[in-house]
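Colleague: My structure is in data.cif, and what it holds is mmCIF, C-alpha atoms:
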```cif
data_model
#
loop_
_atom_site.label_atom_id
_atom_site.label_comp_id
_atom_site.auth_asym_id
_atom_site.auth_seq_id
_atom_site.Cartn_x
_atom_site.Cartn_y
_atom_site.Cartn_z
CA MET A 1 -10.35 1.22 27.59
CA GLY A 2 -10.61 0.87 31.37
CA GLU A 3 -8.49 2.29 34.13
CA ALA A 4 -4.84 3.09 33.61
CA TYR A 5 -3.55 1.29 36.71
CA VAL A 6 -4.71 -2.13 37.76
CA GLU A 7 -3.64 -4.49 40.48
CA VAL A 8 -3.39 -8.15 39.61
CA THR A 9 -2.65 -10.79 42.22
CA ALA A 10 -2.11 -14.54 42.09
CA GLU A 11 -0.65 -17.33 44.16
CA ASN A 12 2.29 -18.07 41.92
CA PRO A 13 4.19 -16.39 39.04
CA ALA A 14 2.58 -18.50 36.30
CA ASP A 15 -0.92 -17.62 37.49
CA LEU A 16 0.12 -13.98 37.80
CA MET A 17 1.27 -13.93 34.18
CA LEU A 18 -1.97 -15.54 33.09
CA ALA A 19 -4.07 -13.13 35.14
CA ALA A 20 -2.23 -10.14 33.66
CA TYR A 21 -2.81 -11.51 30.17
CA GLU A 22 -6.51 -12.14 30.78
CA ARG A 23 -6.94 -8.68 32.24
CA ALA A 24 -5.19 -6.97 29.32
CA TYR A 25 -7.16 -9.02 26.81
CA ASP A 26 -10.48 -8.17 28.45
CA GLN A 27 -9.61 -4.49 28.34
CA GLY A 28 -8.78 -4.61 24.62
CA TRP A 29 -5.12 -3.71 25.17
CA THR A 30 -3.64 -6.62 23.22
CA ASP A 31 -3.35 -8.06 19.73
CA GLY A 32 -4.58 -11.35 21.16
CA PHE A 33 -1.18 -12.63 22.27
CA PRO A 34 0.07 -12.63 25.86
CA ILE A 35 1.70 -9.46 27.10
CA ILE A 36 4.40 -8.53 29.55
CA PRO A 37 2.86 -6.47 32.39
CA ALA A 38 3.87 -2.82 32.13
CA THR A 39 4.94 -2.21 35.72
CA ASP A 40 6.15 1.19 36.88
CA SER A 41 9.76 0.11 37.09
CA ARG A 42 9.81 -1.44 33.62
CA VAL A 43 8.15 1.63 32.11
CA ASP A 44 10.65 3.90 33.86
CA GLU A 45 13.52 1.85 32.45
CA PHE A 46 12.11 2.18 28.91
CA VAL A 47 11.54 5.93 29.30
CA LYS A 48 15.12 6.33 30.47
CA ALA A 49 16.38 4.35 27.48
CA SER A 50 14.61 6.75 25.14
CA GLY A 51 16.68 9.66 26.46
CA ARG A 52 13.56 11.80 26.59
CA ALA A 53 11.03 12.97 29.15
CA ALA A 54 8.09 10.71 29.92
CA ASP A 55 5.58 13.41 28.98
CA ASP A 56 7.18 14.40 25.66
CA VAL A 57 4.40 14.18 23.09
CA ILE A 58 5.41 12.45 19.86
CA GLY A 59 2.08 13.01 18.15
CA ILE A 60 -1.64 12.42 18.03
CA LEU A 61 -2.78 9.04 16.76
CA PRO A 62 -5.92 8.78 14.63
CA PRO A 63 -8.72 8.12 14.62
CA ARG A 64 -9.45 8.84 18.28
CA LYS A 65 -6.73 11.41 18.64
CA GLY A 66 -4.75 9.62 21.32
CA ARG A 67 -1.81 11.64 22.69
CA VAL A 68 1.26 9.50 22.28
CA THR A 69 3.86 10.40 24.85
CA ILE A 70 7.16 8.66 25.51
CA GLU A 71 5.48 7.01 28.50
CA VAL A 72 2.65 5.67 26.33
CA ILE A 73 5.20 4.28 23.90
CA ALA A 74 7.10 2.71 26.80
CA VAL A 75 3.98 1.01 28.17
CA ASN A 76 3.16 -0.54 24.81
CA ALA A 77 6.77 -1.51 24.15
CA VAL A 78 6.96 -3.30 27.50
CA MET A 79 3.69 -5.11 26.79
CA ALA A 80 4.97 -6.14 23.34
CA GLY A 81 8.02 -7.80 24.86
CA CYS A 82 10.59 -5.28 23.64
CA ARG A 83 13.96 -4.59 25.20
CA ALA A 84 14.43 -1.04 26.47
CA GLU A 85 17.07 -0.31 23.83
CA TYR A 86 14.47 -0.73 21.08
CA MET A 87 12.77 2.51 22.13
CA PRO A 88 14.56 4.83 19.64
CA VAL A 89 13.48 2.60 16.73
CA ILE A 90 9.86 2.63 17.84
CA ILE A 91 9.89 6.39 18.34
CA ALA A 92 11.43 7.03 14.91
CA ALA A 93 8.94 4.66 13.25
CA LEU A 94 6.06 6.39 14.95
CA GLU A 95 7.34 9.77 13.78
CA GLY A 96 7.33 8.40 10.24
CA LEU A 97 3.79 7.10 10.62
CA LEU A 98 2.68 10.51 11.88
CA ASP A 99 4.14 12.32 8.87
CA PRO A 100 1.25 14.32 7.36
CA GLY A 101 1.89 12.61 4.03
CA PHE A 102 1.43 9.12 5.47
CA PRO A 103 -2.15 7.76 5.21
CA LEU A 104 -2.34 6.59 8.82
CA GLU A 105 -5.95 7.62 9.46
CA LEU A 106 -7.07 5.70 6.38
CA MET A 107 -4.96 2.73 7.47
CA GLN A 108 -6.56 2.69 10.90
CA MET A 109 -10.13 2.55 9.63
CA THR A 110 -10.31 1.12 6.12
CA THR A 111 -11.71 -2.26 5.07
CA ASN A 112 -8.37 -2.86 3.30
CA PRO A 113 -5.82 -4.76 5.42
CA MET A 114 -3.01 -2.27 4.78
CA THR A 115 -0.48 -2.04 7.57
CA PRO A 116 2.85 -0.37 8.30
CA LEU A 117 5.99 -2.13 7.09
CA LEU A 118 9.11 -1.03 8.97
CA PHE A 119 12.33 -1.27 6.97
CA ILE A 120 15.54 -0.77 8.94
CA ASN A 121 18.90 0.35 7.63
CA GLY A 122 22.26 1.05 9.20
CA PRO A 123 24.36 -0.25 12.07
CA ILE A 124 21.44 -0.45 14.48
CA ARG A 125 20.41 -3.67 12.73
CA LYS A 126 23.48 -5.36 14.18
CA GLU A 127 23.35 -3.59 17.52
CA LEU A 128 19.78 -4.69 18.21
CA ASP A 129 19.92 -7.97 16.27
CA ILE A 130 17.23 -6.88 13.82
CA ASN A 131 17.25 -9.66 11.27
CA SER A 132 17.88 -8.72 7.64
CA GLY A 133 19.09 -12.08 6.35
CA THR A 134 17.66 -15.59 6.45
CA ALA A 135 14.03 -15.49 7.70
CA CYS A 136 14.19 -11.72 8.08
CA LEU A 137 10.41 -11.48 8.12
CA GLY A 138 10.19 -14.07 10.82
CA PRO A 139 9.53 -15.84 12.93
CA GLY A 140 12.39 -16.15 15.36
CA TRP A 141 13.98 -12.79 16.12
CA ARG A 142 12.93 -10.90 19.20
CA ALA A 143 13.63 -7.42 17.84
CA ASN A 144 11.68 -8.05 14.63
CA SER A 145 8.79 -9.69 16.45
CA THR A 146 8.41 -7.15 19.23
CA ILE A 147 9.23 -3.79 17.60
CA GLY A 148 6.55 -4.37 14.98
CA ARG A 149 4.22 -5.61 17.68
CA ALA A 150 4.80 -2.48 19.76
CA ILE A 151 3.73 -0.39 16.77
CA ARG A 152 0.56 -2.46 16.41
CA LEU A 153 -0.25 -2.13 20.12
CA LEU A 154 0.26 1.63 19.85
CA LEU A 155 -2.13 1.78 16.89
CA ILE A 156 -4.68 -0.15 18.95
CA ASN A 157 -4.20 1.55 22.30
CA GLY A 158 -3.13 5.02 21.16
CA GLY A 159 -5.42 5.32 18.15
CA SER A 160 -8.20 2.92 19.18
CA ALA A 161 -8.00 0.82 16.02
CA LEU A 162 -10.09 -1.86 17.68
CA PRO A 163 -11.32 -4.42 15.13
CA GLY A 164 -15.01 -4.15 14.35
CA VAL A 165 -15.33 -0.93 16.32
CA PHE A 166 -13.03 1.74 14.88
CA SER A 167 -11.26 -0.48 12.37
CA LYS A 168 -13.49 -1.73 9.56
CA VAL A 169 -10.90 -4.07 8.12
CA SER A 170 -12.72 -6.92 6.38
CA PHE A 171 -10.17 -9.71 6.67
CA GLY A 172 -7.29 -8.18 8.57
CA SER A 173 -3.87 -9.63 7.93
CA PRO A 174 -1.18 -11.66 9.66
CA LEU A 175 1.11 -8.82 8.61
CA ARG A 176 -0.65 -6.69 11.21
CA TYR A 177 0.98 -8.54 14.09
CA SER A 178 4.50 -7.43 13.22
CA PHE A 179 5.90 -6.50 9.82
CA ILE A 180 9.50 -5.43 9.99
CA CYS A 181 12.89 -6.40 8.66
CA GLY A 182 16.29 -4.90 7.98
CA GLU A 183 17.96 -4.55 4.63
CA ASN A 184 20.66 -7.12 3.96
CA GLU A 185 23.27 -4.42 3.40
CA GLU A 186 26.14 -6.86 3.80
CA GLU A 187 25.07 -8.84 0.72
CA ASN A 188 23.68 -5.91 -1.24
CA PRO A 189 26.03 -5.27 -4.16
CA TRP A 190 24.65 -1.76 -4.63
CA GLU A 191 24.29 1.10 -2.17
CA PRO A 192 21.90 0.50 0.76
CA PHE A 193 18.35 1.77 0.50
CA HIS A 194 18.86 4.65 2.95
CA VAL A 195 22.06 5.82 1.23
CA GLY A 196 20.03 6.16 -1.95
CA LEU A 197 17.79 8.55 -0.03
CA GLY A 198 20.72 10.75 0.96
CA PHE A 199 21.58 9.32 4.38
CA LYS A 200 25.10 8.28 5.32
CA ARG A 201 25.97 4.60 5.39
CA GLU A 202 26.68 4.86 9.12
CA ASP A 203 23.27 6.41 9.82
CA SER A 204 20.56 4.17 11.17
CA THR A 205 17.11 4.77 9.72
CA VAL A 206 13.64 3.35 9.72
CA THR A 207 11.44 3.67 6.65
CA VAL A 208 7.74 3.11 7.12
CA PHE A 209 5.73 1.98 4.12
CA LYS A 210 2.01 1.68 3.66
CA ALA A 211 1.92 -2.02 2.83
CA SER A 212 -0.90 -4.34 1.91
CA ASN A 213 -0.27 -7.58 0.09
CA TYR A 214 2.80 -9.80 0.20
CA CYS A 215 3.97 -12.07 -2.58
CA ASN A 216 6.96 -14.35 -2.39
CA ILE A 217 8.31 -14.91 -5.89
CA SER A 218 9.62 -18.41 -5.83
CA GLY A 219 11.67 -20.49 -8.18
CA GLY A 220 14.33 -18.23 -9.55
CA GLU A 221 13.12 -18.78 -13.13
CA GLY A 222 14.79 -17.02 -16.02
CA VAL A 223 18.10 -17.04 -17.79
CA GLY A 224 19.81 -13.68 -17.94
CA PRO A 225 18.67 -10.39 -16.47
CA VAL A 226 15.80 -9.67 -18.88
CA GLU A 227 14.10 -13.03 -18.31
CA THR A 228 14.73 -12.85 -14.59
CA LEU A 229 13.16 -9.42 -14.26
CA ARG A 230 10.29 -10.27 -16.57
CA HIS A 231 9.52 -13.31 -14.42
CA ILE A 232 9.59 -11.19 -11.26
CA ALA A 233 7.39 -8.52 -12.84
CA THR A 234 4.68 -11.03 -13.78
CA HIS A 235 4.03 -11.35 -10.03
CA MET A 236 3.48 -7.60 -9.73
CA PRO A 237 0.20 -6.93 -11.54
CA PRO A 238 -1.62 -3.61 -11.31
CA MET A 239 -4.09 -3.76 -8.46
CA TYR A 240 -6.82 -1.72 -6.89
CA GLY A 241 -5.40 0.52 -4.18
CA GLY A 242 -1.83 -0.26 -5.17
CA GLY A 243 -1.27 3.08 -6.76
CA ASP A 244 1.40 4.42 -4.50
CA GLY A 245 4.21 2.02 -5.15
CA ALA A 246 5.77 -1.40 -5.17
CA LEU A 247 8.60 -2.61 -2.97
CA LEU A 248 10.79 -5.30 -4.48
CA LEU A 249 13.10 -7.02 -2.04
CA LEU A 250 15.55 -8.83 -4.24
CA GLY A 251 16.97 -12.00 -2.75
CA VAL A 252 20.72 -11.99 -2.39
CA ASN A 253 21.25 -14.47 -5.26
CA HIS A 254 19.33 -12.43 -7.82
CA ALA A 255 20.85 -9.21 -6.50
CA ARG A 256 24.32 -10.63 -7.09
CA SER A 257 23.58 -12.03 -10.56
CA LEU A 258 21.84 -8.87 -11.76
CA HIS A 259 24.69 -6.76 -10.43
CA ASP A 260 27.26 -9.01 -12.09
CA ALA A 261 25.35 -8.67 -15.35
CA GLY A 262 26.06 -4.94 -15.14
CA LEU A 263 22.65 -3.69 -14.06
CA SER A 264 22.28 -0.72 -11.75
CA LYS A 265 19.37 -0.31 -9.36
CA ARG A 266 17.97 2.24 -11.77
CA ASP A 267 18.13 -0.26 -14.64
CA ILE A 268 16.11 -2.71 -12.57
CA GLN A 269 13.53 -0.10 -11.57
CA GLN A 270 13.15 0.83 -15.24
CA ALA A 271 12.78 -2.79 -16.34
CA ILE A 272 10.19 -3.62 -13.65
CA TRP A 273 8.23 -0.51 -14.57
CA GLU A 274 8.15 -1.63 -18.19
CA PHE A 275 7.40 -5.31 -17.53
CA ALA A 276 4.80 -5.02 -14.73
CA ARG A 277 1.91 -4.30 -17.08
CA VAL A 278 -1.27 -6.17 -17.95
CA PRO A 279 -3.55 -5.76 -21.02
CA VAL A 280 -6.58 -3.55 -20.43
CA GLU A 281 -8.88 -6.41 -21.49
CA ASN A 282 -8.08 -8.19 -18.22
CA TYR A 283 -9.69 -5.48 -16.09
CA ALA A 284 -13.01 -3.76 -15.49
CA LYS A 285 -13.36 -0.67 -17.64
CA SER A 286 -13.79 1.57 -14.61
CA PHE A 287 -10.49 0.33 -13.15
CA VAL A 288 -8.71 0.94 -16.45
CA GLU A 289 -10.10 4.47 -16.56
CA THR A 290 -9.03 5.15 -12.97
CA GLU A 291 -5.52 3.89 -13.57
CA ARG A 292 -5.15 5.69 -16.85
CA GLY A 293 -6.36 8.88 -15.20
CA ALA A 294 -3.70 8.42 -12.54
CA GLY A 295 -0.98 8.07 -15.16
CA ARG A 296 -0.69 4.30 -14.87
CA GLY A 297 -1.69 3.13 -18.32
CA ASP A 298 -2.09 3.76 -21.98
CA GLU A 299 -4.51 2.54 -24.65
CA ARG A 300 -3.32 -1.06 -24.43
CA MET A 301 -1.95 -1.70 -20.97
CA VAL A 302 -2.44 -0.94 -17.28
CA TRP A 303 0.85 -0.33 -15.48
CA ARG A 304 1.78 -1.32 -11.94
CA THR A 305 3.45 2.01 -11.22
CA ARG A 306 3.35 5.48 -12.67
CA SER A 307 7.11 5.66 -13.07
CA PRO A 308 10.30 3.73 -12.24
CA ASP A 309 10.64 5.95 -9.14
CA GLU A 310 7.67 4.18 -7.57
CA VAL A 311 9.43 0.83 -7.77
CA PHE A 312 11.27 0.81 -4.43
CA LEU A 313 14.23 -1.53 -4.63
CA ALA A 314 16.20 -3.12 -1.80
CA VAL A 315 17.91 -6.37 -0.92
CA GLY A 316 16.87 -8.73 1.84
CA GLY A 317 16.63 -12.26 3.12
CA GLY A 318 19.00 -15.15 2.82
CA ALA A 319 20.33 -17.30 0.03
CA GLY A 320 17.87 -19.07 -2.23
CA PRO A 321 15.86 -18.68 -5.41
CA GLN A 322 13.37 -16.30 -3.81
CA ASP A 323 12.43 -12.63 -4.18
CA LEU A 324 9.73 -10.72 -2.40
CA TYR A 325 7.21 -8.24 -3.70
CA ILE A 326 5.23 -6.10 -1.29
CA SER A 327 2.60 -3.68 -2.46
CA ALA A 328 4.06 -0.78 -0.53
CA GLY A 329 4.08 2.95 -0.98
CA ALA A 330 4.15 6.32 0.74
CA PRO A 331 7.59 5.65 2.30
CA LYS A 332 8.65 7.98 5.11
CA THR A 333 12.18 7.66 6.43
CA ARG A 334 13.39 8.84 9.80
CA LEU A 335 16.81 8.89 11.40
CA ILE A 336 16.99 6.71 14.49
CA GLU A 337 18.50 8.99 17.12
CA ARG A 338 20.25 7.54 20.14
CA MET B 1 -23.77 12.89 6.53
CA ILE B 2 -24.75 10.38 3.88
CA ALA B 3 -23.79 6.73 4.38
CA SER B 4 -24.90 3.23 3.48
CA ASP B 5 -26.44 1.37 6.40
CA MET B 6 -23.42 -0.90 6.93
CA PHE B 7 -21.36 2.17 7.68
CA THR B 8 -23.83 4.28 9.68
CA ARG B 9 -22.49 3.51 13.15
CA PHE B 10 -18.95 3.69 11.93
CA ALA B 11 -19.68 7.02 10.26
CA ARG B 12 -20.96 8.50 13.50
CA ARG B 13 -17.95 7.13 15.35
CA MET B 14 -15.64 8.78 12.84
CA ALA B 15 -17.59 12.03 13.04
CA SER B 16 -17.20 11.95 16.81
CA THR B 17 -13.41 11.84 16.43
CA GLN B 18 -13.75 15.13 14.55
CA GLY B 19 -15.87 16.64 17.33
CA VAL B 20 -19.26 16.16 15.67
CA PRO B 21 -21.02 13.29 17.45
CA TYR B 22 -24.54 14.59 16.90
CA MET B 23 -25.64 14.83 13.32
CA VAL B 24 -28.35 13.61 11.05
CA ILE B 25 -27.22 10.65 9.00
CA ALA B 26 -29.10 9.96 5.78
CA GLU B 27 -28.72 6.25 5.19
CA THR B 28 -29.44 3.84 2.37
CA PRO B 29 -29.04 0.06 2.19
CA ASN B 30 -25.61 -1.25 1.25
CA PRO B 31 -24.29 -1.89 -1.38
CA ILE B 32 -24.64 1.02 -3.77
CA ARG B 33 -21.54 0.53 -5.86
CA ASP B 34 -23.21 -1.59 -8.52
CA LEU B 35 -26.47 0.38 -8.84
CA SER B 36 -27.57 1.80 -12.17
CA PRO B 37 -27.92 5.60 -12.38
CA ASP B 38 -31.73 5.31 -12.20
CA ALA B 39 -31.67 3.08 -9.12
CA LEU B 40 -29.16 5.38 -7.50
CA ARG B 41 -31.38 8.39 -8.15
CA LYS B 42 -34.30 6.62 -6.44
CA ARG B 43 -32.12 5.96 -3.42
CA ALA B 44 -31.08 9.59 -3.29
CA GLU B 45 -34.68 10.75 -3.46
CA ASN B 46 -35.59 8.51 -0.53
CA MET B 47 -32.87 10.12 1.55
CA MET B 48 -34.02 13.67 0.84
CA PRO B 49 -36.13 14.13 4.03
CA ALA B 50 -33.16 13.22 6.23
CA ILE B 51 -30.84 15.43 4.20
CA HIS B 52 -33.37 18.28 4.55
CA ASP B 53 -33.47 17.77 8.32
CA GLY B 54 -29.70 17.80 8.52
CA LEU B 55 -29.45 21.02 6.61
CA THR B 56 -32.29 22.92 8.27
CA LEU B 57 -32.77 21.80 11.88
CA PRO B 58 -31.06 23.83 14.63
CA PRO B 59 -28.01 22.03 16.11
CA ALA B 60 -29.70 21.76 19.52
CA GLU B 61 -32.65 19.94 18.01
CA ILE B 62 -30.35 17.57 16.10
CA ALA B 63 -28.44 16.88 19.33
CA ARG B 64 -31.71 16.22 21.18
CA ARG B 65 -32.92 13.79 18.53
CA THR B 66 -29.64 11.91 18.17
CA LYS B 67 -28.19 11.99 21.69
CA GLU B 68 -29.21 8.52 22.76
CA ILE B 69 -28.46 6.74 19.54
CA ALA B 70 -25.14 8.55 19.24
CA GLU B 71 -24.03 7.39 22.65
CA GLN B 72 -24.70 3.76 21.82
CA GLN B 73 -23.20 4.00 18.35
CA ILE B 74 -19.99 5.65 19.50
CA HIS B 75 -19.38 3.60 22.65
CA PRO B 76 -21.37 0.38 22.28
CA ARG B 77 -21.90 -0.91 25.79
CA GLY B 78 -19.83 -3.92 26.75
CA ILE B 79 -17.93 -4.08 23.46
CA VAL B 80 -14.14 -4.05 23.28
CA ARG B 81 -13.61 -5.73 19.91
CA SER B 82 -16.01 -7.55 17.66
CA GLY B 83 -15.85 -10.01 14.79
CA THR B 84 -19.08 -8.50 13.55
CA PRO B 85 -18.85 -4.76 12.99
CA VAL B 86 -20.80 -2.99 15.73
#
```
When written as structure tokens, how does the structure in this file appear?
Modeller:
Amino acid sequence: MGEAYVEVTAENPADLMLAAYERAYDQGWTDGFPIIPATDSRVDEFVKASGRAADDVIGILPPRKGRVTIEVIAVNAVMAGCRAEYMPVIIAALEGLLDPGFPLELMQMTTNPMTPLLFINGPIRKELDINSGTACLGPGWRANSTIGRAIRLLLINGGSALPGVFSKVSFGSPLRYSFICGENEEENPWEPFHVGLGFKREDSTVTVFKASNYCNISGGEGVGPVETLRHIATHMPPMYGGGDGALLLLGVNHARSLHDAGLSKRDIQQAIWEFARVPVENYAKSFVETERGAGRGDERMVWRTRSPDEVFLAVGGGAGPQDLYISAGAPKTRLIER
Amino acid sequence: MIASDMFTRFARRMASTQGVPYMVIAETPNPIRDLSPDALRKRAENMMPAIHDGLTLPPAEIARRTKEIAEQQIHPRGIVRSGTPV
């Protein structure tokens, strides 16, 4: 990784920025994009904003067992372009990723492009301008772009998930640069996602998911709730490695119409569970056997999820005939403490 | 450890994160997923000498035999990231 402190000099600010970027890139500290130099004063400011001591250890990041202290988080957050006030979100997300039930070590090394998805609830969305409405998955919002990026830089620099060296990911994914949004609680006709988990509405939380693919469901086809949900579910086929859940982010239009038709979130989870199934003839026998053994199938069909509980339902994005399906499971939710 | 050749260096790297950098790795050409049971058995038989070494040699002897290759496999010189797995 190279030395911890480096001195970079140049004749003018633009050259200095470029030199810092080149240096960080050569050392393997970046995701490929330019970074903000993590100077002592900037790091101190970020540590202070966390409200914790610089040497507080948050956890050990796999695979190379990097000790992640508040200072390490601050360095990566500065490099990612964060504001200091984002620190509590990054810390809470990292705590979720380090939950023993979260498959972080697998995520860091596997050929599959799985990556953390950060889902934010509560008032902190407004306080930090974390987008949950139009274009909530980017680009365009600093908090969304840089908080997710800070997590990626921590996975690279803290855990050494360097592509081709410790990470065996075959294709990688654009989702690995930054994958974060808030829930559109203001246009969600049901209770927010975190309230359904037992948190208070005024709590701010981050839920980390193990996420892999991403499918925008376009067109808004279907008349009435059954057709609408059947159309959505056809985009959610059973898939290898998708066994731990499916996140459906309903667009605000469908959320409103389904709510007005009298459906609860539970009704929708139940319907998606029943509709997201594909005949066994469409799959390799070994896959069918695996899925059936895991409780995701019967004699005729392979199911996307084992039960309605594994269909995670939330509302996001802006107006339009669009919904979003993310193959996402193993959710871990943490309170964002400030 | 048993691994297909595509994963040998990676396997040693992972083992090193668990504190076991020196070990005998019995390797076989990748892929193995689509092999018939008979072909798979032949592959396993070919790996038996390495597996025997791994199970019977004293740790110091394994370390002596693998020290150099382990160093290069775990920290490939001059490599930060690579589009081709190293």
Colleague: Which of these, B:Val24, B:Ala44, B:Met1, B:Ala11, has the shortest distance to chain A once you count all atoms listed in the file?
Modeller: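 Looking at the shortest contact to chain A, the residue is B:Ala11.
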Colleague: Which distance in Å separates CA of Leu313 in chain A and CA of Gly224 in chain A, to one decimal?
Modeller: 18.9 Å
Colleague: I'd like the residues picked by the PyMOL selection byres ((chain A and resi 186-198) around 10) written out as a compact mmCIF listing (two decimals) with C-alpha atoms, in the frame of the given file, using the chain letters and numbers from the file.
Modeller:
```
# COMPACT_ATOMS: atom_id res chain seq x y z
CA PHE A 119 12.33 -1.27 6.97
CA ILE A 120 15.54 -0.77 8.94
CA ASN A 121 18.90 0.35 7.63
CA GLY A 122 22.26 1.05 9.20
CA SER A 132 17.88 -8.72 7.64
CA GLY A 133 19.09 -12.08 6.35
CA GLU A 183 17.96 -4.55 4.63
CA ASN A 184 20.66 -7.12 3.96
CA GLU A 185 23.27 -4.42 3.40
CA PHE A 199 21.58 9.32 4.38
CA LYS A 200 25.10 8.28 5.32
CA ARG A 201 25.97 4.60 5.39
CA GLU A 202 26.68 4.86 9.12
CA ASP A 203 23.27 6.41 9.82
CA SER A 204 20.56 4.17 11.17
CA THR A 205 17.11 4.77 9.72
CA VAL A 206 13.64 3.35 9.72
CA THR A 207 11.44 3.67 6.65
CA LEU A 250 15.55 -8.83 -4.24
CA GLY A 251 16.97 -12.00 -2.75
CA VAL A 252 20.72 -11.99 -2.39
CA ASN A 253 21.25 -14.47 -5.26
CA ALA A 255 20.85 -9.21 -6.50
CA ARG A 256 24.32 -10.63 -7.09
CA SER A 257 23.58 -12.03 -10.56
CA LEU A 258 21.84 -8.87 -11.76
CA HIS A 259 24.69 -6.76 -10.43
CA ASP A 260 27.26 -9.01 -12.09
CA LEU A 263 22.65 -3.69 -14.06
CA SER A 264 22.28 -0.72 -11.75
CA LYS A 265 19.37 -0.31 -9.36
CA PHE A 312 11.27 0.81 -4.43
CA LEU A 313 14.23 -1.53 -4.63
CA ALA A 314 16.20 -3.12 -1.80
CA VAL A 315 17.91 -6.37 -0.92
CA GLY A 316 16.87 -8.73 1.84
CA GLY A 317 16.63 -12.26 3.12
CA GLY A 318 19.00 -15.15 2.82
CA ALA A 319 20.33 -17.30 0.03
CA THR A 333 12.18 7.66 6.43
CA ARG A 334 13.39 8.84 9.80
CA LEU A 335 16.81 8.89 11.40
```
Colleague: Taking the file above as input, evaluate the PyMOL selection byres ((chain A) within 10 of (chain B)) and report the hits as a list in words.
Modeller: Met1, Tyr25, Asp26, Gln27, Gly28, Trp29, Pro62, Pro63, Arg64, Lys65, Met109, Ala161, Leu162, Pro163, Gly164, Val165, Phe166, Ser167, Lys168, Val169, Ser170 and Phe171 of chain A
Colleague: I want to know what sits within 12 Å of Glu337 in chain A, based on only C-alpha atoms, with residues of the same chain fewer than 4 positions away left out; could you give that as a PyMOL selection string?
Modeller: chain A and resi 49-52+85-93+95+122+124+203-206
Colleague: Run the PyMOL selection byres ((chain B and resi 50) around 10) mentally over the shown coordinates, then write out the matched residues as a list in words, using the chain letters and numbers from the document.
Modeller: Met1, Ile2, Val24, Ile25, Ala26, Glu27, Asn46, Met47, Met48, Pro49, Ile51, His52, Asp53, Gly54, Leu55 and Thr56 of chain B
Colleague: Please indicate the distance in Å from CA of Ile326 in chain A to CA of Asn112 in chain A, rounded to one decimal place.
Modeller: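 Separation of CA of Ile326 in chain A and CA of Asn112 in chain A: 14.7 Å.
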Colleague: Need the shell around Pro59 in chain B: protein/DNA/RNA residues with any atom at most 10 Å away, counting only C-alpha atoms. Skip same-chain ones fewer than 6 positions apart. Format as a list in words?
Modeller: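 Those residues are Tyr22, Met23, Val24 and Arg65 of chain B.
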Colleague: For C-alpha atoms, I'd like the residues from the last selection saved as an mmCIF file, keeping the file's coordinate frame.
Modeller:
```cif
data_model
loop_
_atom_site.group_PDB
_atom_site.id
_atom_site.type_symbol
_atom_site.label_atom_id
_atom_site.label_comp_id
_atom_site.auth_asym_id
_atom_site.auth_seq_id
_atom_site.Cartn_x
_atom_site.Cartn_y
_atom_site.Cartn_z
ATOM 1 C CA TYR B 22 -24.540 14.590 16.900
ATOM 2 C CA MET B 23 -25.640 14.830 13.320
ATOM 3 C CA VAL B 24 -28.350 13.610 11.050
ATOM 4 C CA ARG B 65 -32.920 13.790 18.530
#
```
Colleague: Please list as a list in words every residue within 9 Å of Pro279 in chain A, counting all atoms listed in the file and excluding residues in the same chain fewer than 4 positions away.
Modeller: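 In the requested form, the answer reads Tyr283, Arg300, Met301, Val302 and Trp303 of chain A.
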Colleague: Between B:Thr66, B:Gly78, B:Arg41, B:Pro29, which is the closest to Arg12 in chain B once you count all atoms listed in the file?
Modeller: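 Result for the nearest residue to Arg12 in chain B: B:Thr66.
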Colleague: Between CA of Lys332 in chain A and CA of Ile151 in chain A, what is the spacing in Å?
Modeller: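 Taking CA of Ile151 in chain A and CA of Lys332 in chain A, their separation equals 15.2 Å.
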Colleague: Taking into account all atoms listed in the file, which residue in the set A:Phe102, A:Trp141, A:Tyr177, A:Tyr240 is nearest to Thr290 in chain A?
Modeller: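 That would be A:Tyr240, the residue with the smallest distance to Thr290 in chain A.
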Colleague: Considering only C-alpha atoms, can you say which of A:Phe209, A:Phe287, A:Phe46, A:Phe179 comes closest to Leu98 in chain A?
Modeller: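 Looking only at the distances to Leu98 in chain A, the closest residue turns out to be A:Phe209.
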Colleague: Neighbouring residues of range 211-215 of chain A were defined as those with any atom within 7 Å, considering only C-alpha atoms; residues of the same chain fewer than 6 positions away were excluded. Please report them as a PyMOL selection string.
Modeller: chain A and resi 113-117+324-329
Colleague: Have a look at B:Asp38, B:Glu45, B:Pro21, B:Pro31 and name the one nearest to Arg64 in chain B; count only C-alpha atoms.
Modeller: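 Of the candidates, the smallest distance to Arg64 in chain B is held by B:Pro21.
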Colleague: Put a box with edges along x, y and z around all the listed atoms of range 19-33 of chain B, pad it by 4 Å on each side, then give me its centre and sizes in Å, one decimal, as AutoDock Vina command-line options.
Modeller:
```
--center_x -22.7 --center_y 7.4 --center_z 5.8 --size_x 21.6 --size_y 26.5 --size_z 31.3
```
